[in-house]
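Here the structure comes first, spelled out in structure tokens, and everything after it is commentary.
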Amino acid sequence: MGKHDNFSKIQCARFKGVERVHFIDKKDFDGTFLSQVEGAYNFVLEHINLGVEIKGLYRKEQYELPEAIIRELILNAVIHCNYMMSSCVQVAVYDD
């Protein structure tokens with residue numbers, strides 16, 4: 001565990017509508033940076049739509065947002081966060 005791990009966390013929330021007024025679900029992730037990123041990544045996947053495309057005999061499931069982009073956004077937020085301040089990374093999912 002790193003020196004500042006116990007001061008860091010990722011807060012995730014799923015909001016109703018397109019503003020931060022009413023949340024449907026909320027979860028905080030702490031622990032190692034890796035477990036925080038995994039938790040936030042899975043939270044987002046649980047709260048976005050999963051569609052299916054059928055081409056011929058093959059079925060392909062695909063989220064409305066590319067998984068690689070979700071992972072990159074969360075990792076960038078964690079990497080560029082100022083851990084000298086008492087703040088945390090926040091991930092918000094809206095209807096749009």
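If you're wondering about the labels, chains in the structure tokens are A, B, ... by order shown, residues count from 1 in each chain, ligands from 1 in order shown.
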
Per residue of range 61-86 of chain A within 12 Å of range 20-37 of chain A, note the shortest atom pair and the distance in Å to one decimal, counting only C-alpha atoms, and order the rows by chain and increasing residue number, as a Markdown table.
| residue | atom | partner | partner_atom | distance |
| --- | --- | --- | --- | --- |
| A:Ile70 | CA | A:Val37 | CA | 10.4 |
| A:Arg71 | CA | A:Val37 | CA | 8.0 |
| A:Glu72 | CA | A:Val37 | CA | 10.1 |
| A:Leu73 | CA | A:Val37 | CA | 10.2 |
| A:Ile74 | CA | A:Val37 | CA | 6.6 |
| A:Leu75 | CA | A:Val37 | CA | 6.9 |
| A:Asn76 | CA | A:Val37 | CA | 10.3 |
| A:Ala77 | CA | A:Val37 | CA | 9.8 |
| A:Val78 | CA | A:Val37 | CA | 7.9 |
| A:Ile79 | CA | A:Phe33 | CA | 9.6 |
| A:Cys81 | CA | A:Phe33 | CA | 11.8 |
| A:Tyr83 | CA | A:Phe33 | CA | 11.9 |

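With only C-alpha atoms taken into account, the protein and nucleic acid residues at most 10 Å from Leu50 in chain A (excluding it and anything under 4 positions from it in its own chain) are A:Leu45, A:Glu46, A:Glu61, A:Gln62, A:Tyr63, A:Glu64, A:Leu65.
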
Selected residues written out, N, CA, C and O atoms, as a short mmCIF file (atom, residue, chain, number, x, y, z; two decimals), in the first residue's frame:
data_model
loop_
_atom_site.label_atom_id
_atom_site.label_comp_id
_atom_site.auth_asym_id
_atom_site.auth_seq_id
_atom_site.Cartn_x
_atom_site.Cartn_y
_atom_site.Cartn_z
N LEU A 45 -19.82 0.30 -15.91
CA LEU A 45 -20.38 -0.73 -16.80
C LEU A 45 -21.75 -1.21 -16.32
O LEU A 45 -22.61 -1.53 -17.13
N GLU A 46 -21.95 -1.26 -15.00
CA GLU A 46 -23.25 -1.68 -14.46
C GLU A 46 -24.35 -0.64 -14.71
O GLU A 46 -25.53 -0.97 -14.65
N GLU A 61 -22.14 -8.23 -28.36
CA GLU A 61 -22.61 -7.32 -27.32
C GLU A 61 -21.66 -6.13 -27.26
O GLU A 61 -20.44 -6.28 -27.37
N GLN A 62 -22.24 -4.94 -27.07
CA GLN A 62 -21.42 -3.74 -27.05
C GLN A 62 -22.08 -2.70 -26.14
O GLN A 62 -23.28 -2.45 -26.25
N TYR A 63 -21.27 -2.12 -25.24
CA TYR A 63 -21.77 -1.05 -24.38
C TYR A 63 -21.95 0.23 -25.17
O TYR A 63 -21.33 0.42 -26.21
N GLU A 64 -22.79 1.13 -24.66
CA GLU A 64 -23.03 2.39 -25.36
C GLU A 64 -21.79 3.29 -25.39
O GLU A 64 -21.69 4.18 -26.21
N LEU A 65 -20.87 3.06 -24.47
CA LEU A 65 -19.58 3.74 -24.46
C LEU A 65 -18.48 2.68 -24.58
O LEU A 65 -18.58 1.64 -23.94
#

Fill in: Val93 in chain A environment, 9 Å, only C-alpha atoms, sequence neighbours closer than 2 positions dropped, as a PyMOL selection string
chain A and resi 12-16+18+44+47-48+91+95-96

Worksheet item: Suppose you want the space between CA of Glu19 in chain A and CA of Asn82 in chain A; what is it in Å?
Response: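 CA of Asn82 in chain A lies 25.3 Å from CA of Glu19 in chain A.
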
Worksheet item: So which residues of chain A fall under strand (DSSP E) by DSSP, listed as an NGL selection string?
Response: :A and (10-16 or 22-29 or 50-55 or 58-63 or 89-93)

Worksheet item: Can you tell me how far CA of Val89 in chain A sits from CA of Ile69 in chain A, in Å to one decimal?
Response: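 Interatomic distance here is 16.6 Å.
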